[in-house]
Structure formats: C-alpha cells, structure tokens
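*Asks:* data.pdb is reproduced below (PDB, C-alpha atoms, pLDDT in the B column).
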ATOM      1  CA  GLY A  57       8.729  21.702 -37.886  1.00 83.00           C
ATOM      2  CA  ASP A  58       8.256  19.492 -40.908  1.00 90.00           C
ATOM      3  CA  SER A  59       5.200  20.320 -42.995  1.00 94.00           C
ATOM      4  CA  VAL A  60       3.469  19.814 -46.334  1.00 97.00           C
ATOM      5  CA  THR A  61       1.476  22.417 -48.235  1.00 97.00           C
ATOM      6  CA  GLN A  62      -0.945  21.470 -51.000  1.00 95.00           C
ATOM      7  CA  MET A  63      -2.940  23.583 -53.396  1.00 88.00           C
ATOM      8  CA  GLU A  64      -6.427  24.227 -52.147  1.00 87.00           C
ATOM      9  CA  GLY A  65      -9.359  22.592 -53.795  1.00 86.00           C
ATOM     10  CA  PRO A  66     -11.706  21.559 -54.942  1.00 95.00           C
ATOM     11  CA  VAL A  67     -10.200  21.104 -58.376  1.00 96.00           C
ATOM     12  CA  THR A  68     -12.887  20.507 -60.986  1.00 97.00           C
ATOM     13  CA  LEU A  69     -11.902  19.144 -64.397  1.00 97.00           C
ATOM     14  CA  SER A  70     -13.594  17.661 -67.413  1.00 97.00           C
ATOM     15  CA  GLU A  71     -12.793  14.099 -68.394  1.00 97.00           C
ATOM     16  CA  GLU A  72      -9.513  13.759 -70.359  1.00 97.00           C
ATOM     17  CA  ALA A  73      -8.178  17.078 -69.031  1.00 97.00           C
ATOM     18  CA  PHE A  74      -4.621  17.428 -67.719  1.00 98.00           C
ATOM     19  CA  LEU A  75      -4.235  17.381 -63.940  1.00 97.00           C
ATOM     20  CA  THR A  76      -1.662  19.094 -61.754  1.00 97.00           C
ATOM     21  CA  ILE A  77      -1.924  19.209 -57.965  1.00 97.00           C
ATOM     22  CA  ASN A  78       0.860  21.235 -56.392  1.00 97.00           C
ATOM     23  CA  CYS A  79       2.701  20.075 -53.282  1.00 98.00           C
ATOM     24  CA  THR A  80       5.629  21.713 -51.509  1.00 97.00           C
ATOM     25  CA  TYR A  81       7.312  20.640 -48.322  1.00 97.00           C
ATOM     26  CA  THR A  82       9.475  21.917 -45.493  1.00 96.00           C
ATOM     27  CA  ALA A  83      11.761  19.424 -43.798  1.00 93.00           C
ATOM     28  CA  THR A  84      14.907  19.453 -41.690  1.00 88.00           C
ATOM     29  CA  GLY A  85      16.484  16.614 -43.665  1.00 86.00           C
ATOM     30  CA  TYR A  86      15.877  14.652 -46.841  1.00 88.00           C
ATOM     31  CA  PRO A  87      12.450  13.076 -46.611  1.00 93.00           C
ATOM     32  CA  SER A  88      10.749  10.380 -48.606  1.00 93.00           C
ATOM     33  CA  LEU A  89       7.703  11.779 -50.402  1.00 95.00           C
ATOM     34  CA  PHE A  90       4.330  10.191 -51.059  1.00 96.00           C
ATOM     35  CA  TRP A  91       0.969  10.758 -52.671  1.00 97.00           C
ATOM     36  CA  TYR A  92      -2.034   9.056 -51.110  1.00 96.00           C
ATOM     37  CA  VAL A  93      -5.585   8.890 -52.481  1.00 96.00           C
ATOM     38  CA  GLN A  94      -8.825   8.578 -50.539  1.00 93.00           C
ATOM     39  CA  TYR A  95     -11.814   7.456 -52.579  1.00 92.00           C
ATOM     40  CA  PRO A  96     -15.291   8.104 -51.146  1.00 85.00           C
ATOM     41  CA  GLY A  97     -16.023   5.654 -48.347  1.00 80.00           C
ATOM     42  CA  GLU A  98     -12.604   3.988 -48.537  1.00 84.00           C
ATOM     43  CA  GLY A  99      -9.350   4.121 -46.600  1.00 85.00           C
ATOM     44  CA  LEU A 100      -6.225   5.970 -47.661  1.00 92.00           C
ATOM     45  CA  GLN A 101      -4.250   4.196 -50.368  1.00 92.00           C
ATOM     46  CA  LEU A 102      -0.657   4.789 -51.381  1.00 93.00           C
ATOM     47  CA  LEU A 103      -0.646   6.098 -54.950  1.00 96.00           C
ATOM     48  CA  LEU A 104       3.075   6.635 -55.544  1.00 96.00           C
ATOM     49  CA  LYS A 105       6.320   7.470 -53.772  1.00 94.00           C
ATOM     50  CA  ALA A 106       9.834   8.815 -54.290  1.00 95.00           C
ATOM     51  CA  THR A 107      12.691   8.388 -51.864  1.00 92.00           C
ATOM     52  CA  LYS A 108      15.418  10.699 -53.186  1.00 92.00           C
ATOM     53  CA  ALA A 109      15.941  13.790 -55.293  1.00 93.00           C
ATOM     54  CA  ASP A 110      15.056  13.500 -59.006  1.00 95.00           C
ATOM     55  CA  ASP A 111      13.226  10.195 -58.434  1.00 96.00           C
ATOM     56  CA  LYS A 112       9.955   9.930 -60.333  1.00 97.00           C
ATOM     57  CA  GLY A 113       7.116   7.969 -58.781  1.00 96.00           C
ATOM     58  CA  SER A 114       4.371   6.687 -61.067  1.00 97.00           C
ATOM     59  CA  ASN A 115       1.236   4.577 -60.835  1.00 96.00           C
ATOM     60  CA  LYS A 116      -2.089   4.327 -62.705  1.00 95.00           C
ATOM     61  CA  GLY A 117      -1.066   7.122 -65.080  1.00 97.00           C
ATOM     62  CA  PHE A 118      -0.170   9.500 -62.232  1.00 98.00           C
ATOM     63  CA  GLU A 119       3.389  10.840 -61.897  1.00 98.00           C
ATOM     64  CA  ALA A 120       5.321  13.018 -59.487  1.00 98.00           C
ATOM     65  CA  THR A 121       9.000  14.016 -59.472  1.00 98.00           C
ATOM     66  CA  TYR A 122      10.981  14.753 -56.287  1.00 97.00           C
ATOM     67  CA  ARG A 123      12.470  18.218 -56.807  1.00 96.00           C
ATOM     68  CA  LYS A 124      14.902  19.075 -54.025  1.00 94.00           C
ATOM     69  CA  GLU A 125      15.788  22.499 -55.424  1.00 94.00           C
ATOM     70  CA  THR A 126      12.167  23.658 -55.260  1.00 96.00           C
ATOM     71  CA  THR A 127      11.143  21.331 -52.372  1.00 96.00           C
ATOM     72  CA  SER A 128       8.215  20.169 -54.479  1.00 97.00           C
ATOM     73  CA  PHE A 129       6.452  16.938 -55.439  1.00 98.00           C
ATOM     74  CA  HIS A 130       3.649  17.948 -57.801  1.00 98.00           C
ATOM     75  CA  LEU A 131       1.166  15.289 -58.902  1.00 98.00           C
ATOM     76  CA  GLU A 132       0.308  15.090 -62.610  1.00 98.00           C
ATOM     77  CA  LYS A 133      -1.868  13.013 -64.887  1.00 98.00           C
ATOM     78  CA  GLY A 134      -2.221  13.486 -68.607  1.00 97.00           C
ATOM     79  CA  SER A 135      -5.879  12.529 -68.958  1.00 96.00           C
ATOM     80  CA  VAL A 136      -8.174  12.241 -65.946  1.00 97.00           C
ATOM     81  CA  GLN A 137     -11.223  10.007 -65.722  1.00 97.00           C
ATOM     82  CA  VAL A 138     -14.397  10.318 -63.668  1.00 96.00           C
ATOM     83  CA  SER A 139     -13.113   7.423 -61.564  1.00 96.00           C
ATOM     84  CA  ASP A 140     -10.151   9.595 -60.450  1.00 97.00           C
ATOM     85  CA  SER A 141     -12.518  11.753 -58.387  1.00 97.00           C
ATOM     86  CA  ALA A 142     -11.178  11.517 -54.840  1.00 96.00           C
ATOM     87  CA  VAL A 143      -9.177  13.386 -52.213  1.00 96.00           C
ATOM     88  CA  TYR A 144      -5.417  13.441 -52.815  1.00 97.00           C
ATOM     89  CA  PHE A 145      -2.900  13.854 -49.993  1.00 97.00           C
ATOM     90  CA  CYS A 146       0.773  14.675 -50.296  1.00 97.00           C
ATOM     91  CA  ALA A 147       2.917  13.389 -47.435  1.00 96.00           C
ATOM     92  CA  LEU A 148       6.506  13.141 -46.259  1.00 95.00           C
ATOM     93  CA  SER A 149       8.409  10.869 -43.920  1.00 92.00           C
ATOM     94  CA  LEU A 150      11.782  11.737 -42.384  1.00 86.00           C
ATOM     95  CA  ASP A 151      12.307   9.173 -39.689  1.00 78.00           C
ATOM     96  CA  GLY A 152      10.589   6.301 -41.447  1.00 74.00           C
ATOM     97  CA  ASN A 153       7.978   5.778 -38.797  1.00 76.00           C
ATOM     98  CA  LYS A 154       5.530   8.645 -39.189  1.00 88.00           C
ATOM     99  CA  LEU A 155       3.892  10.374 -42.119  1.00 92.00           C
ATOM    100  CA  VAL A 156       3.290  14.123 -42.201  1.00 94.00           C
ATOM    101  CA  PHE A 157       0.321  14.895 -44.448  1.00 96.00           C
ATOM    102  CA  GLY A 158      -0.881  17.963 -46.265  1.00 96.00           C
ATOM    103  CA  ALA A 159      -4.488  19.099 -45.898  1.00 96.00           C
ATOM    104  CA  GLY A 160      -5.636  17.239 -49.003  1.00 96.00           C
ATOM    105  CA  THR A 161      -7.001  18.372 -52.359  1.00 97.00           C
ATOM    106  CA  ILE A 162     -10.451  17.347 -53.553  1.00 96.00           C
ATOM    107  CA  LEU A 163     -10.545  16.414 -57.243  1.00 97.00           C
ATOM    108  CA  ARG A 164     -13.850  16.302 -59.095  1.00 97.00           C
ATOM    109  CA  VAL A 165     -13.915  15.045 -62.660  1.00 97.00           C
ATOM    110  CA  LYS A 166     -17.032  15.654 -64.764  1.00 97.00           C
ATOM    111  CA  SER A 167     -18.038  13.546 -67.742  1.00 94.00           C
TER     112      SER A 167
ATOM    113  CA  GLU B1288      -5.442 -12.005 -46.854  1.00 52.00           C
ATOM    114  CA  THR B1289      -7.603  -9.661 -44.814  1.00 64.00           C
ATOM    115  CA  GLY B1290      -6.942  -5.938 -44.815  1.00 85.00           C
ATOM    116  CA  VAL B1291      -6.826  -3.529 -41.905  1.00 92.00           C
ATOM    117  CA  THR B1292     -10.111  -3.419 -40.036  1.00 93.00           C
ATOM    118  CA  GLN B1293     -11.315  -0.942 -37.435  1.00 95.00           C
ATOM    119  CA  SER B1294     -14.185  -0.947 -34.985  1.00 95.00           C
ATOM    120  CA  PRO B1295     -16.552   0.591 -34.375  1.00 96.00           C
ATOM    121  CA  THR B1296     -17.341   2.429 -37.595  1.00 95.00           C
ATOM    122  CA  HIS B1297     -19.047   5.318 -35.849  1.00 96.00           C
ATOM    123  CA  LEU B1298     -19.202   6.396 -32.237  1.00 96.00           C
ATOM    124  CA  ILE B1299     -20.914   9.212 -30.361  1.00 98.00           C
ATOM    125  CA  LYS B1300     -19.666  10.241 -26.919  1.00 98.00           C
ATOM    126  CA  THR B1301     -20.138  13.187 -24.609  1.00 98.00           C
ATOM    127  CA  ARG B1302     -17.462  15.508 -23.285  1.00 98.00           C
ATOM    128  CA  GLY B1303     -15.509  14.026 -20.392  1.00 98.00           C
ATOM    129  CA  GLN B1304     -16.174  10.397 -21.317  1.00 98.00           C
ATOM    130  CA  GLN B1305     -13.564   7.833 -22.301  1.00 98.00           C
ATOM    131  CA  VAL B1306     -13.416   5.880 -25.559  1.00 98.00           C
ATOM    132  CA  THR B1307     -11.556   2.837 -26.907  1.00 98.00           C
ATOM    133  CA  LEU B1308     -11.049   2.292 -30.621  1.00 98.00           C
ATOM    134  CA  ARG B1309      -9.794  -0.988 -32.052  1.00 98.00           C
ATOM    135  CA  CYS B1310      -7.674  -1.957 -35.024  1.00 97.00           C
ATOM    136  CA  SER B1311      -6.788  -5.333 -36.513  1.00 95.00           C
ATOM    137  CA  SER B1312      -3.603  -5.180 -38.540  1.00 90.00           C
ATOM    138  CA  GLN B1313      -2.987  -6.805 -41.895  1.00 86.00           C
ATOM    139  CA  SER B1314      -1.654 -10.346 -41.735  1.00 84.00           C
ATOM    140  CA  GLY B1315       2.133 -10.351 -41.306  1.00 83.00           C
ATOM    141  CA  HIS B1316       2.351  -6.721 -40.183  1.00 87.00           C
ATOM    142  CA  ASN B1317       4.002  -6.029 -36.815  1.00 89.00           C
ATOM    143  CA  THR B1318       3.622  -2.249 -36.719  1.00 91.00           C
ATOM    144  CA  VAL B1319       0.508  -0.157 -36.140  1.00 93.00           C
ATOM    145  CA  SER B1320       0.244   3.619 -36.437  1.00 94.00           C
ATOM    146  CA  TRP B1321      -2.692   5.786 -35.405  1.00 97.00           C
ATOM    147  CA  TYR B1322      -3.699   9.064 -37.016  1.00 97.00           C
ATOM    148  CA  GLN B1323      -6.363  11.671 -36.272  1.00 98.00           C
ATOM    149  CA  GLN B1324      -8.053  13.285 -39.283  1.00 96.00           C
ATOM    150  CA  ALA B1325     -10.181  16.315 -38.459  1.00 95.00           C
ATOM    151  CA  LEU B1326     -12.806  17.353 -40.988  1.00 91.00           C
ATOM    152  CA  GLY B1327     -11.207  18.943 -44.035  1.00 88.00           C
ATOM    153  CA  GLN B1328      -7.679  18.270 -42.801  1.00 91.00           C
ATOM    154  CA  GLY B1329      -4.962  15.750 -43.457  1.00 94.00           C
ATOM    155  CA  PRO B1330      -4.264  12.943 -40.989  1.00 96.00           C
ATOM    156  CA  GLN B1331      -2.044  13.807 -38.005  1.00 96.00           C
ATOM    157  CA  PHE B1332       0.236  11.207 -36.459  1.00 95.00           C
ATOM    158  CA  ILE B1333      -0.740  10.219 -32.914  1.00 97.00           C
ATOM    159  CA  PHE B1334       1.677   7.355 -32.167  1.00 95.00           C
ATOM    160  CA  GLN B1335       3.099   4.109 -33.464  1.00 93.00           C
ATOM    161  CA  TYR B1336       3.432   0.681 -31.859  1.00 94.00           C
ATOM    162  CA  TYR B1337       6.077  -1.796 -32.939  1.00 91.00           C
ATOM    163  CA  ARG B1338       6.134  -5.290 -31.426  1.00 90.00           C
ATOM    164  CA  GLU B1339       3.953  -4.138 -28.495  1.00 92.00           C
ATOM    165  CA  GLU B1340       6.108  -1.094 -27.589  1.00 93.00           C
ATOM    166  CA  GLU B1341       5.405   2.574 -28.335  1.00 93.00           C
ATOM    167  CA  ASN B1342       7.786   3.617 -31.103  1.00 90.00           C
ATOM    168  CA  GLY B1343       7.221   7.313 -31.650  1.00 91.00           C
ATOM    169  CA  ARG B1344       4.587   9.810 -30.657  1.00 94.00           C
ATOM    170  CA  GLY B1345       3.178  12.940 -32.241  1.00 93.00           C
ATOM    171  CA  ASN B1346       2.069  16.131 -30.548  1.00 94.00           C
ATOM    172  CA  PHE B1347      -0.879  14.694 -28.627  1.00 97.00           C
ATOM    173  CA  PRO B1348      -1.510  14.923 -24.853  1.00 97.00           C
ATOM    174  CA  PRO B1349      -1.097  11.920 -22.527  1.00 97.00           C
ATOM    175  CA  ARG B1350      -4.851  11.346 -22.401  1.00 98.00           C
ATOM    176  CA  PHE B1351      -4.300   9.694 -25.801  1.00 98.00           C
ATOM    177  CA  SER B1352      -2.840   6.265 -25.054  1.00 97.00           C
ATOM    178  CA  GLY B1353      -2.541   2.968 -26.808  1.00 96.00           C
ATOM    179  CA  LEU B1354      -1.783  -0.713 -26.629  1.00 96.00           C
ATOM    180  CA  GLN B1355      -0.571  -3.337 -29.021  1.00 96.00           C
ATOM    181  CA  PHE B1356      -1.314  -6.990 -28.386  1.00 94.00           C
ATOM    182  CA  PRO B1357       0.785 -10.102 -29.156  1.00 92.00           C
ATOM    183  CA  ASN B1358      -1.244 -10.666 -32.334  1.00 90.00           C
ATOM    184  CA  TYR B1359      -0.296  -7.063 -33.323  1.00 91.00           C
ATOM    185  CA  SER B1360      -3.833  -5.734 -33.124  1.00 94.00           C
ATOM    186  CA  SER B1361      -4.071  -2.416 -31.347  1.00 96.00           C
ATOM    187  CA  GLU B1362      -6.267  -0.109 -29.274  1.00 97.00           C
ATOM    188  CA  LEU B1363      -6.397   3.652 -29.038  1.00 98.00           C
ATOM    189  CA  ASN B1364      -7.785   5.030 -25.779  1.00 98.00           C
ATOM    190  CA  VAL B1365      -8.809   8.623 -25.277  1.00 98.00           C
ATOM    191  CA  ASN B1366      -9.684   9.865 -21.782  1.00 97.00           C
ATOM    192  CA  ALA B1367     -11.543  13.018 -20.777  1.00 98.00           C
ATOM    193  CA  LEU B1368     -12.944  13.584 -24.251  1.00 98.00           C
ATOM    194  CA  GLU B1369     -13.066  17.138 -25.564  1.00 98.00           C
ATOM    195  CA  LEU B1370     -15.173  18.562 -28.387  1.00 97.00           C
ATOM    196  CA  ASP B1371     -12.035  18.957 -30.533  1.00 97.00           C
ATOM    197  CA  ASP B1372     -11.458  15.202 -30.375  1.00 98.00           C
ATOM    198  CA  SER B1373     -14.283  14.794 -32.899  1.00 98.00           C
ATOM    199  CA  ALA B1374     -12.531  13.351 -35.956  1.00 97.00           C
ATOM    200  CA  LEU B1375     -11.913  10.304 -38.112  1.00 96.00           C
ATOM    201  CA  TYR B1376      -9.354   8.044 -36.417  1.00 97.00           C
ATOM    202  CA  LEU B1377      -7.253   6.034 -38.830  1.00 96.00           C
ATOM    203  CA  CYS B1378      -5.190   2.999 -38.095  1.00 95.00           C
ATOM    204  CA  ALA B1379      -2.424   1.846 -40.434  1.00 93.00           C
ATOM    205  CA  SER B1380      -0.396  -1.336 -40.241  1.00 91.00           C
ATOM    206  CA  SER B1381       2.965  -1.882 -41.879  1.00 88.00           C
ATOM    207  CA  LEU B1382       5.548  -4.601 -42.352  1.00 83.00           C
ATOM    208  CA  GLU B1383       8.201  -2.865 -40.287  1.00 76.00           C
ATOM    209  CA  SER B1384       8.411   0.294 -38.226  1.00 71.00           C
ATOM    210  CA  ASN B1385      10.629   2.136 -40.709  1.00 75.00           C
ATOM    211  CA  ARG B1386       8.633   1.312 -43.820  1.00 76.00           C
ATOM    212  CA  PRO B1387       5.882   3.936 -44.189  1.00 75.00           C
ATOM    213  CA  ASP B1388       5.539   2.941 -47.841  1.00 76.00           C
ATOM    214  CA  THR B1389       4.162  -0.409 -46.692  1.00 78.00           C
ATOM    215  CA  GLN B1390       1.442   1.168 -44.546  1.00 84.00           C
ATOM    216  CA  TYR B1391      -2.077  -0.045 -45.228  1.00 89.00           C
ATOM    217  CA  PHE B1392      -4.813   2.146 -43.812  1.00 92.00           C
ATOM    218  CA  GLY B1393      -8.103   1.019 -42.378  1.00 93.00           C
ATOM    219  CA  PRO B1394     -11.387   2.763 -43.218  1.00 92.00           C
ATOM    220  CA  GLY B1395     -11.374   4.629 -39.915  1.00 94.00           C
ATOM    221  CA  THR B1396     -13.637   5.199 -36.919  1.00 96.00           C
ATOM    222  CA  ARG B1397     -15.706   8.380 -36.955  1.00 96.00           C
ATOM    223  CA  LEU B1398     -15.846   9.783 -33.399  1.00 98.00           C
ATOM    224  CA  THR B1399     -18.297  12.538 -32.543  1.00 98.00           C
ATOM    225  CA  VAL B1400     -18.006  14.242 -29.160  1.00 98.00           C
ATOM    226  CA  LEU B1401     -21.054  16.206 -28.024  1.00 97.00           C
TER     227      LEU B1401
END
Show me this structure written as structure tokens.
*Replies:*
Amino acid sequence: GDSVTQMEGPVTLSEEAFLTINCTYTATGYPSLFWYVQYPGEGLQLLLKATKADDKGSNKGFEATYRKETTSFHLEKGSVQVSDSAVYFCALSLDGNKLVFGAGTILRVKS
Amino acid sequence: ETGVTQSPTHLIKTRGQQVTLRCSSQSGHNTVSWYQQALGQGPQFIFQYYREEENGRGNFPPRFSGLQFPNYSSELNVNALELDDSALYLCASSLESNRPDTQYFGPGTRLTVL
C-alpha cells in the first residue's frame, strides 16, 4: 500500500545550522506531498506542499522539492532557530480525501 | 473565526467500555476527518465525513464509527475498547472533501485505556 518513510530522530542541531529531514514515499499513482509540523502542545499545522513533480513548496524558510525519480520530498532549512523545535511529519495524499503520514521526526535546536 | 476544537482533552477508560469523542469544525468547513496517532507514530486515517455522509474509511474495524451533524461538527465512537486504542485522536476539518491541503487539525483528545 501507500506509505511514507522518514529519517529517524531525534535530530539535534545548534542554532543557525542547516537542516535536512529525509522523506521518501511509495505510492500507486502520483500523490500530492506535504510537510506538517507539530509544536509542543499544539495541533498539526501544514508547513508546505507540492502537488506535482519538480514543484517546490516553501514556507517560513523551509523548502522541499517533489522528486518523482527518487520518490522523495526532503525538508530543508538553511538556518534553524530554537523556535523550530517540533515534530515534523511528511505525508502524501492520492485520492484527495485522506493523508498518509510518516512516523515523524523530532527536531531539537539548541541555542 | 474559531479553529477546530475537540473535547474532552483527556479521557481514561477501561477495556470493554465505549467512548465518544467530539469535534467542532472550523467555520465554513463541511468535511471532517479523524485520525488516530499512537505514541511515537504518525497519524493514521480512520474515516472522513462529508456533508453528513461517510466519505472514505481507513483500515479500522467497525467498532470505530462516526457521525457528522448538520452544523458539520462530528463524533467518533469507539465500542469495546482495547488497550491498543490508547492514542491521541485528531480531528481535522477542511473546506471540501478533496482538499487535504485545507485541513485544519484540532489539538486532539488523549485516550488512555486501562
């Protein structure tokens, strides 16, 4: 079935370091891809999305590019802040009505 | 505009009992989806309701059931609770059934089954 695999965490970085969180997917068609973020004590929030191959989603300094050839959607940020500490989830949607999530990656940023 | 709200925040039940969780959707949203998030895992899709009808279901047994009301709020009912049902239950509302990018998630209900 359709699935999403994320790099295991926790990922611990110093402030202003470069961030990459890997995400690969398996799908029977051409899904839309998403990154969600869950801050402590808050609900899931959509961070960015891409709906077709080679699309780049971006928001709040985060970016991810939809790579069909490698079935990947890696999340990157050039300079992380302490406030970026959260759990990040990669997700896909094929039929438009349900999201399939990865297991999540905990990010901890130290000052 | 109010966001997605869920009640209760926390709940403790014993095995075999039944539970009802509630979700109020964001203003203007006609679609509600429910997800189960076990500890350390990503959310798993339970089902979706669109205009009061079930519109897709994940791999969950029939003892997981739901309702959507005319005001688009929703309930998730779980019968014959099992220990593995302990999880965070998330509700998400969206503008339309085929627009997952418009889903707004609530803070969740933490269910503990003893």
*Asks:* So what do you get for CA of Leu1368 (chain B) versus CA of Arg1350 (chain B), distance-wise?
*Replies:*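 Pair CA of Leu1368 (chain B) / CA of Arg1350 (chain B) returns 8.6 Å.
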*Asks:* Selected by the PyMOL selection byres ((chain A) within 7 of (chain B)) in the shown coordinates: which residues, as a list in words?
*Replies:*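 On this input, the PyMOL selection byres ((chain A) within 7 of (chain B)) captures Glu98, Gly99, Leu100, Gln101, Gly152, Asn153, Lys154, Leu155, Val156, Phe157, Gly158, Ala159 and Gly160 of chain A.
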*Asks:* Taking all atoms listed in the file into account, which of A:Thr161, A:Thr82, A:Ser135, A:Thr68 comes nearest Glu119 (chain A)?
*Replies:* A:Ser135
*Asks:* Tell me which residues the PyMOL selection byres ((chain B and resi 1351-1362) around 8) grabs here, as a compact mmCIF listing (two decimals) with C-alpha atoms, in the coordinates of the input.
*Replies:*
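Writing done, so here's part14.txt:
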# COMPACT_ATOMS: atom_id res chain seq x y z
CA THR B 1307 -11.56 2.84 -26.91
CA LEU B 1308 -11.05 2.29 -30.62
CA ARG B 1309 -9.79 -0.99 -32.05
CA CYS B 1310 -7.67 -1.96 -35.02
CA SER B 1311 -6.79 -5.33 -36.51
CA SER B 1312 -3.60 -5.18 -38.54
CA HIS B 1316 2.35 -6.72 -40.18
CA ASN B 1317 4.00 -6.03 -36.82
CA THR B 1318 3.62 -2.25 -36.72
CA VAL B 1319 0.51 -0.16 -36.14
CA ILE B 1333 -0.74 10.22 -32.91
CA TYR B 1336 3.43 0.68 -31.86
CA TYR B 1337 6.08 -1.80 -32.94
CA ARG B 1338 6.13 -5.29 -31.43
CA GLU B 1339 3.95 -4.14 -28.50
CA GLU B 1340 6.11 -1.09 -27.59
CA PHE B 1347 -0.88 14.69 -28.63
CA PRO B 1348 -1.51 14.92 -24.85
CA PRO B 1349 -1.10 11.92 -22.53
CA ARG B 1350 -4.85 11.35 -22.40
CA LEU B 1363 -6.40 3.65 -29.04
CA ASN B 1364 -7.78 5.03 -25.78
CA VAL B 1365 -8.81 8.62 -25.28
CA ASN B 1366 -9.68 9.86 -21.78
*Asks:* Can you list, as a PyMOL selection string, every protein, DNA or RNA residue that comes within 9 Å of Ala147 (chain A) when you count all atoms listed in the file, leaving out same-chain residues fewer than 2 positions away?
*Replies:* chain A and resi 59-60+79+81+88-92+145+149+155-158
*Asks:* Would you put the residues from that selection into a file with C-alpha atoms, as a tab-separated table (two decimals), in the frame of the given file?
*Replies:*
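Result file follows (part-v8.tsv):
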chain	number	residue	atom	x	y	z
A	59	SER	CA	5.20	20.32	-43.00
A	60	VAL	CA	3.47	19.81	-46.33
A	79	CYS	CA	2.70	20.08	-53.28
A	81	TYR	CA	7.31	20.64	-48.32
A	88	SER	CA	10.75	10.38	-48.61
A	89	LEU	CA	7.70	11.78	-50.40
A	90	PHE	CA	4.33	10.19	-51.06
A	91	TRP	CA	0.97	10.76	-52.67
A	92	TYR	CA	-2.03	9.06	-51.11
A	145	PHE	CA	-2.90	13.85	-49.99
A	149	SER	CA	8.41	10.87	-43.92
A	155	LEU	CA	3.89	10.37	-42.12
A	156	VAL	CA	3.29	14.12	-42.20
A	157	PHE	CA	0.32	14.90	-44.45
A	158	GLY	CA	-0.88	17.96	-46.26
*Asks:* Looking at all atoms listed in the file, which of B:Asn1346, B:Gln1323, B:Leu1382, B:Asp1372 is the one that sits closest to Gly57 (chain A)?
*Replies:*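 Nearest to Gly57 (chain A): B:Asn1346.
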*Asks:* Mind pulling up the distance from CA of Ser141 (chain A) to CA of Lys166 (chain A)?
*Replies:*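 Between CA of Lys166 (chain A) and CA of Ser141 (chain A) the gap is 8.7 Å.
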*Asks:* Given 5 Å of margin on each side, can you work out the centre and size in Å (one decimal) of an axis-aligned box holding every listed atom of region 1364-1375 of chain B, as JSON?
*Replies:*
{"center_x": -11.5, "center_y": 12.0, "center_z": -29.4, "size_x": 17.4, "size_y": 23.9, "size_z": 27.3}
*Asks:* Between A:Leu131, A:Val138, A:Ala83, A:Val165, which is the closest to Leu150 (chain A) once you count all atoms listed in the file?
*Replies:*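 For Leu150 (chain A), the nearest of the given residues is A:Ala83.
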*Asks:* Could you tell me how far CA of Val143 (chain A) sits from CA of Val1306 (chain B), in Å to one decimal place?
*Replies:*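 According to the coordinates, CA of Val1306 (chain B) and CA of Val143 (chain A) are separated by 28.0 Å.
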*Asks:* Since the input lacks atoms, please generate all heavy atoms for region 59-64 of chain A and provide them as an mmCIF file, keeping the file's coordinate frame.
*Replies:*
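Below you can see result-v3.cif, which holds the result:
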data_model
loop_
_atom_site.group_PDB
_atom_site.id
_atom_site.type_symbol
_atom_site.label_atom_id
_atom_site.label_comp_id
_atom_site.auth_asym_id
_atom_site.auth_seq_id
_atom_site.Cartn_x
_atom_site.Cartn_y
_atom_site.Cartn_z
ATOM 1 N N SER A 59 6.570 20.059 -42.552
ATOM 2 C CA SER A 59 5.200 20.320 -42.995
ATOM 3 C C SER A 59 5.059 20.130 -44.493
ATOM 4 O O SER A 59 6.051 20.127 -45.236
ATOM 5 C CB SER A 59 4.772 21.742 -42.616
ATOM 6 O OG SER A 59 5.537 22.686 -43.313
ATOM 7 N N VAL A 60 3.807 19.979 -44.916
ATOM 8 C CA VAL A 60 3.469 19.814 -46.334
ATOM 9 C C VAL A 60 2.346 20.788 -46.666
ATOM 10 O O VAL A 60 1.373 20.884 -45.918
ATOM 11 C CB VAL A 60 3.010 18.364 -46.618
ATOM 12 C CG1 VAL A 60 2.519 18.239 -48.044
ATOM 13 C CG2 VAL A 60 4.145 17.382 -46.353
ATOM 14 N N THR A 61 2.495 21.475 -47.781
ATOM 15 C CA THR A 61 1.476 22.417 -48.235
ATOM 16 C C THR A 61 0.973 21.988 -49.608
ATOM 17 O O THR A 61 1.764 21.796 -50.529
ATOM 18 C CB THR A 61 2.047 23.840 -48.328
ATOM 19 O OG1 THR A 61 2.558 24.228 -47.050
ATOM 20 C CG2 THR A 61 0.967 24.831 -48.742
ATOM 21 N N GLN A 62 -0.338 21.853 -49.725
ATOM 22 C CA GLN A 62 -0.945 21.470 -51.000
ATOM 23 C C GLN A 62 -1.821 22.591 -51.513
ATOM 24 O O GLN A 62 -2.345 23.385 -50.723
ATOM 25 C CB GLN A 62 -1.858 20.256 -50.833
ATOM 26 C CG GLN A 62 -1.202 18.990 -50.484
ATOM 27 C CD GLN A 62 -2.187 17.857 -50.347
ATOM 28 O OE1 GLN A 62 -2.170 17.151 -49.346
ATOM 29 N NE2 GLN A 62 -3.030 17.625 -51.350
ATOM 30 N N MET A 63 -2.015 22.600 -52.825
ATOM 31 C CA MET A 63 -2.940 23.583 -53.396
ATOM 32 C C MET A 63 -4.338 23.297 -52.877
ATOM 33 O O MET A 63 -4.722 22.149 -52.647
ATOM 34 C CB MET A 63 -2.914 23.551 -54.917
ATOM 35 C CG MET A 63 -3.434 22.303 -55.560
ATOM 36 S SD MET A 63 -3.160 22.315 -57.341
ATOM 37 C CE MET A 63 -4.384 23.469 -57.877
ATOM 38 N N GLU A 64 -5.086 24.381 -52.667
ATOM 39 C CA GLU A 64 -6.427 24.227 -52.147
ATOM 40 C C GLU A 64 -7.365 23.755 -53.242
ATOM 41 O O GLU A 64 -7.195 24.069 -54.420
ATOM 42 C CB GLU A 64 -6.915 25.565 -51.579
ATOM 43 C CG GLU A 64 -6.224 25.932 -50.290
ATOM 44 C CD GLU A 64 -6.886 27.097 -49.588
ATOM 45 O OE1 GLU A 64 -8.061 27.378 -49.891
ATOM 46 O OE2 GLU A 64 -6.218 27.737 -48.758
#
